[in-house]
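Dropping coords_1.cif in here (mmCIF, C-alpha atoms and all ligand atoms):
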```
data_target
loop_
_atom_site.label_atom_id
_atom_site.label_comp_id
_atom_site.auth_asym_id
_atom_site.auth_seq_id
_atom_site.Cartn_x
_atom_site.Cartn_y
_atom_site.Cartn_z
CA MET A 144 -58.74 49.40 -31.36
CA CYS A 145 -55.14 49.91 -30.25
CA ASP A 146 -51.94 47.96 -30.54
CA PRO A 147 -49.83 47.27 -27.40
CA PHE A 148 -48.36 50.79 -27.74
CA LEU A 149 -51.85 52.35 -27.70
CA GLY A 150 -51.45 53.37 -31.32
CA THR A 151 -54.56 53.23 -33.49
CA ASN A 152 -54.85 52.30 -37.16
CA TYR A 153 -54.54 56.02 -37.94
CA LYS A 154 -50.96 57.21 -38.20
CA ASP A 155 -49.82 59.26 -35.17
CA ILE A 156 -53.19 58.87 -33.40
CA PHE A 157 -53.07 57.23 -29.97
CA ALA A 158 -55.89 56.40 -27.56
CA ALA A 159 -56.16 56.06 -23.77
CA GLY A 160 -58.88 55.47 -21.23
CA ASP A 161 -62.36 54.05 -21.56
CA ILE A 162 -62.28 54.40 -25.33
CA ALA A 163 -59.13 52.29 -25.78
CA SER A 164 -59.41 48.61 -26.58
CA PHE A 165 -55.80 47.51 -26.42
CA PHE A 166 -53.86 44.31 -26.99
CA ASP A 167 -52.56 43.30 -23.57
CA LEU A 168 -49.21 41.52 -23.75
CA GLY A 169 -49.70 40.16 -20.19
CA THR A 170 -52.84 38.19 -21.02
CA ALA A 171 -52.20 37.99 -24.78
CA SER A 172 -55.76 39.13 -25.29
CA ARG A 173 -57.70 42.23 -26.22
CA GLN A 174 -58.80 44.24 -23.17
CA ARG A 175 -60.78 47.36 -22.41
CA ILE A 176 -60.58 48.28 -18.72
CA GLN A 177 -62.83 51.11 -17.60
CA GLN A 178 -61.02 52.32 -14.47
CA TRP A 179 -59.58 55.74 -13.73
CA SER A 180 -56.17 54.35 -12.71
CA VAL A 181 -55.88 52.58 -16.08
CA ALA A 182 -56.94 55.73 -17.98
CA GLU A 183 -54.32 57.74 -16.11
CA SER A 184 -51.44 55.30 -16.72
CA GLN A 185 -52.47 54.78 -20.35
CA GLY A 186 -52.35 58.56 -20.84
CA ARG A 187 -48.73 58.57 -19.68
CA ILE A 188 -47.74 55.67 -21.97
CA ALA A 189 -49.60 57.16 -24.96
CA ALA A 190 -47.78 60.48 -24.39
CA LEU A 191 -44.40 58.71 -24.28
CA ASN A 192 -45.17 56.81 -27.45
CA MET A 193 -46.29 59.99 -29.23
CA MET A 194 -42.74 61.17 -28.58
CA GLY A 195 -41.35 57.99 -30.13
CA VAL A 196 -40.33 56.14 -26.93
CA MET A 197 -42.47 53.11 -27.95
CA THR A 198 -43.26 51.52 -24.58
CA PRO A 199 -45.99 48.86 -24.51
CA PHE A 200 -48.83 49.39 -22.05
CA VAL A 201 -48.52 46.64 -19.44
CA SER A 202 -50.36 47.27 -16.24
CA THR A 203 -51.91 45.49 -13.32
CA PRO A 204 -55.45 46.85 -13.11
CA TRP A 205 -56.64 47.88 -9.68
CA PHE A 206 -59.93 49.19 -8.41
CA SER A 207 -60.88 50.56 -5.03
CA MET A 208 -64.10 51.66 -3.45
CA ARG A 209 -65.42 52.59 -0.02
CA ILE A 210 -68.67 51.03 1.18
CA TYR A 211 -70.05 51.74 4.65
CA ASN A 212 -66.65 53.04 5.71
CA LYS A 213 -64.86 49.89 4.55
CA GLU A 214 -62.09 50.23 1.95
CA ILE A 215 -62.28 47.43 -0.63
CA VAL A 216 -59.48 47.04 -3.17
CA LYS A 217 -59.17 44.64 -6.11
CA ILE A 218 -55.76 44.17 -7.74
CA GLY A 219 -55.24 42.15 -10.91
CA GLY A 220 -57.72 39.34 -11.49
CA ASP A 221 -57.87 40.25 -15.18
CA LYS A 222 -56.30 36.92 -16.13
CA PRO A 223 -58.37 33.69 -16.07
CA TYR A 224 -58.72 32.03 -12.65
CA CYS A 225 -60.62 28.97 -11.47
CA GLU A 226 -60.67 29.32 -7.69
CA VAL A 227 -61.13 32.06 -5.10
CA HIS A 228 -59.54 31.46 -1.68
CA MET A 229 -61.01 33.60 1.10
CA ALA A 230 -59.19 34.44 4.34
CA GLY A 231 -60.49 36.57 7.23
CA SER A 232 -64.07 37.72 7.60
CA TRP A 233 -66.39 40.57 6.69
CA VAL A 234 -67.40 40.91 10.36
CA SER A 235 -63.80 41.40 11.55
CA GLY A 236 -63.32 44.08 8.90
CA LYS A 237 -60.27 42.24 7.52
CA LEU A 238 -60.76 40.08 4.46
CA MET A 239 -58.60 38.72 1.64
CA ALA A 240 -59.78 36.94 -1.51
CA TYR A 241 -57.09 35.38 -3.70
CA TYR A 242 -57.80 34.54 -7.37
CA ILE A 243 -55.94 31.33 -8.25
CA ASP A 244 -55.50 29.85 -11.72
CA LYS A 245 -55.15 26.23 -12.86
CA GLN A 246 -51.34 26.42 -12.53
CA ASP A 247 -51.64 27.38 -8.82
CA ARG A 248 -50.65 30.99 -9.60
CA VAL A 249 -52.30 33.84 -7.72
CA VAL A 250 -53.34 36.14 -10.58
CA GLY A 251 -55.02 38.76 -8.43
CA PHE A 252 -56.64 39.48 -5.10
CA ALA A 253 -59.23 41.58 -3.37
CA SER A 254 -58.82 42.96 0.12
CA MET A 255 -60.70 44.82 2.80
CA GLY A 256 -59.09 46.60 5.76
CA GLN A 257 -55.59 45.43 4.77
CA ALA A 258 -53.85 48.52 3.36
CA LYS A 259 -50.25 47.52 4.20
CA LYS A 260 -50.66 43.93 3.04
CA THR A 261 -52.40 45.13 -0.14
CA ALA A 262 -49.47 47.41 -1.04
CA GLU A 263 -46.96 44.62 -0.36
CA LEU A 264 -48.88 42.03 -2.39
CA LYS A 265 -49.39 44.50 -5.27
CA ALA A 266 -45.61 44.95 -5.47
CA LEU A 267 -45.10 41.16 -5.45
CA LEU A 268 -47.76 40.65 -8.14
CA GLU A 269 -46.23 43.31 -10.39
CA SER A 270 -42.74 41.86 -10.01
CA ASN A 271 -43.93 38.28 -10.65
CA LYS A 272 -42.97 37.27 -7.10
CA MET A 273 -46.46 36.51 -5.85
CA PRO A 274 -46.67 33.43 -3.57
CA SER A 275 -48.46 30.41 -5.01
CA GLY A 276 -52.07 29.45 -4.38
CA THR A 277 -50.89 26.64 -2.10
CA GLN A 278 -48.87 29.09 -0.02
CA VAL A 279 -51.75 31.53 0.47
CA LYS A 280 -54.04 28.63 1.42
CA GLN A 281 -51.52 27.53 4.04
CA SER A 282 -51.65 31.08 5.45
CA LEU A 283 -47.98 31.63 4.63
CA VAL A 284 -48.86 35.12 3.37
C1 LIG B 301 -70.71 56.55 -12.13
C2 LIG B 301 -69.29 56.09 -12.38
C3 LIG B 301 -68.55 55.64 -11.32
C4 LIG B 301 -67.22 55.23 -11.53
N1 LIG B 301 -66.49 54.79 -10.46
C5 LIG B 301 -65.21 54.41 -10.64
C6 LIG B 301 -64.42 54.02 -9.53
O1 LIG B 301 -64.86 53.98 -8.38
N2 LIG B 301 -63.12 53.65 -9.76
C7 LIG B 301 -62.59 53.67 -11.03
O2 LIG B 301 -61.41 53.34 -11.18
N3 LIG B 301 -63.33 54.05 -12.09
C8 LIG B 301 -64.61 54.43 -11.94
N4 LIG B 301 -65.37 54.82 -13.01
C9 LIG B 301 -64.75 54.79 -14.34
C10 LIG B 301 -63.84 55.99 -14.58
O3 LIG B 301 -64.55 57.19 -14.32
C11 LIG B 301 -63.39 55.97 -16.05
O4 LIG B 301 -62.75 54.72 -16.31
C12 LIG B 301 -62.41 57.10 -16.35
O5 LIG B 301 -62.97 58.34 -16.00
C13 LIG B 301 -62.08 57.08 -17.83
O6 LIG B 301 -61.29 58.19 -18.16
P1 LIG B 301 -61.31 58.74 -19.63
O7 LIG B 301 -60.30 59.84 -19.66
O8 LIG B 301 -61.18 57.64 -20.61
O9 LIG B 301 -62.78 59.33 -19.88
P2 LIG B 301 -63.52 60.49 -19.14
O10 LIG B 301 -63.11 60.61 -17.72
O11 LIG B 301 -64.98 60.27 -19.45
O12 LIG B 301 -63.01 61.79 -19.87
C14 LIG B 301 -63.40 62.11 -21.20
C15 LIG B 301 -63.49 63.63 -21.31
O13 LIG B 301 -63.67 64.00 -22.68
C16 LIG B 301 -64.62 65.03 -22.74
N5 LIG B 301 -65.20 65.01 -24.09
C17 LIG B 301 -66.10 64.14 -24.61
N6 LIG B 301 -66.37 64.44 -25.87
C18 LIG B 301 -65.60 65.51 -26.20
C19 LIG B 301 -65.42 66.28 -27.38
N7 LIG B 301 -66.08 66.01 -28.50
N8 LIG B 301 -64.54 67.29 -27.34
C20 LIG B 301 -63.84 67.58 -26.20
N9 LIG B 301 -63.99 66.89 -25.06
C21 LIG B 301 -64.85 65.87 -25.06
C22 LIG B 301 -65.62 64.69 -21.65
O14 LIG B 301 -66.35 65.83 -21.27
C23 LIG B 301 -64.68 64.20 -20.54
O15 LIG B 301 -64.23 65.25 -19.72
C24 LIG B 301 -66.68 55.26 -12.83
C25 LIG B 301 -67.45 55.72 -13.90
C26 LIG B 301 -68.74 56.14 -13.69
C27 LIG B 301 -69.56 56.65 -14.86
#
```
Could I get this file's structure written as structure tokens?
Amino acid sequence: MCDPFLGTNYKDIFAAGDIASFFDLGTASRQRIQQWSVAESQGRIAALNMMGVMTPFVSTPWFSMRIYNKEIVKIGGDKPYCEVHMAGSWVSGKLMAYYIDKQDRVVGFASMGQAKKTAELKALLESNKMPSGTQVKQSLV
């Protein structure tokens, strides 16, 4: 069990990776995310905090996999959502799924065959500049 700085209840002991249940300031909830990208970025933050920098771990989780030569990526989606808006098609090899919450915010997305768009949307999500659910439904993204 870690605090937002990945510190444990033992003095000077920090945790990172699959073992770390941390308090996520973004969702204001306790999280444990078993993904290699999270383990890697938590390791960096834990190392900084061991040196006294005291940076909270705030990260947008992402996950990618390749199935039958199709690259599928999921970014965010760790916050509650109530609707999934799909655009594109599996057959065309280009697909987007947007996770939309009750306040019309896009809290995450999954993509297939959309590397450039995925990178652009990840940057928008991480800088809180993601278009709204209404905008993605109107194909403005
Ligand atoms: C089958 C499988 C598929 C996965 N696929 C994906 C994927 O596609 N994408 C993704 O993001 N994540 C995936 N994951 C999850 C990802 O592997 C983990 O989230 C990540 O490896 C966690 O890193 P970690 O450093 O916490 O633990 P680990 O990578 O498990 O590293 C822990 C290390 O500690 C060592 N160790 C254990 N006990 C001791 C001890 N007593 N003394 C010294 N060393 C010890 C272990 O040997 C190991 O090397 C997958 C996991 C599995 C099992």
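Using only C-alpha atoms and all ligand atoms as the basis for the distance check, residues found within 9 Å of ligand LIG 301 (chain B) are Ala158, Ala159, Gly160, Asp161, Ile162, Ala163, Ile176, Gln177, Gln178, Trp179, Ser180, Val181, Ala182, Glu183, Gly186, Trp205, Phe206, Ser207, Met208 and Arg209 of chain A.
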Correct to one decimal, the distance atom CA of A:Ser184-atom CA of A:Ile218 is 14.9 Å
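Straight-line separation from atom CA of A:Val234 to atom CA of A:Ala262: 22.2 Å.
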Identify, on the basis of all atoms listed in the file, every residue whose closest approach to A:Val196 does not exceed 12 Å; exclude the query and any residue fewer than 5 positions from it along the same chain; express the result as a short mmCIF file (atom, residue, chain, number, x, y, z; two decimals) with C-alpha atoms, keeping the file's coordinate frame.
```
data_model
loop_
_atom_site.label_atom_id
_atom_site.label_comp_id
_atom_site.auth_asym_id
_atom_site.auth_seq_id
_atom_site.Cartn_x
_atom_site.Cartn_y
_atom_site.Cartn_z
CA PHE A 148 -48.36 50.79 -27.74
CA ARG A 187 -48.73 58.57 -19.68
CA ILE A 188 -47.74 55.67 -21.97
CA ALA A 189 -49.60 57.16 -24.96
CA ALA A 190 -47.78 60.48 -24.39
CA LEU A 191 -44.40 58.71 -24.28
#
```
Residues near A:Gln278, cut-off 12 Å, only C-alpha atoms, skip fewer than 4 positions along chain, as a PDB file with C-alpha atoms, in the frame of the given file:
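In the end it all went to around-v2.pdb:
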```
ATOM      1  CA  HIS A 228     -59.540  31.460  -1.680  1.00  0.00           C
ATOM      2  CA  TYR A 241     -57.090  35.380  -3.700  1.00  0.00           C
ATOM      3  CA  ILE A 243     -55.940  31.330  -8.250  1.00  0.00           C
ATOM      4  CA  ASP A 247     -51.640  27.380  -8.820  1.00  0.00           C
ATOM      5  CA  ARG A 248     -50.650  30.990  -9.600  1.00  0.00           C
ATOM      6  CA  VAL A 249     -52.300  33.840  -7.720  1.00  0.00           C
ATOM      7  CA  MET A 273     -46.460  36.510  -5.850  1.00  0.00           C
ATOM      8  CA  PRO A 274     -46.670  33.430  -3.570  1.00  0.00           C
ATOM      9  CA  SER A 282     -51.650  31.080   5.450  1.00  0.00           C
ATOM     10  CA  LEU A 283     -47.980  31.630   4.630  1.00  0.00           C
ATOM     11  CA  VAL A 284     -48.860  35.120   3.370  1.00  0.00           C
TER      12      VAL A 284
END
```
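The spacing separating atom CA of A:Lys222 from atom CA of A:Ser202 amounts to 11.9 Å.
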| task | Return the single residue from A:Phe252, A:Phe157, A:Trp233, A:Tyr242 that is closest to A:Lys265, with distances computed using all atoms listed in the file. | result |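 When distances to A:Lys265 are compared using all atoms listed in the file, the smallest one comes from A:Phe252.
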Proximity to A:Thr261 - best of A:Ile156, A:Gly236, A:Met229, A:Lys217, all atoms listed in the file |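 Of the candidates, the smallest distance to A:Thr261 is held by A:Lys217.
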Quiz item: Need the neighbours of (-51.5, 49.7, -27.6): which residues are at most 10 Å away, counting all atoms listed in the file, as an MDAnalysis selection string?
Solution: chainID A and resid 144:151 157:159 163:168 173 185 188:189 192 197:201
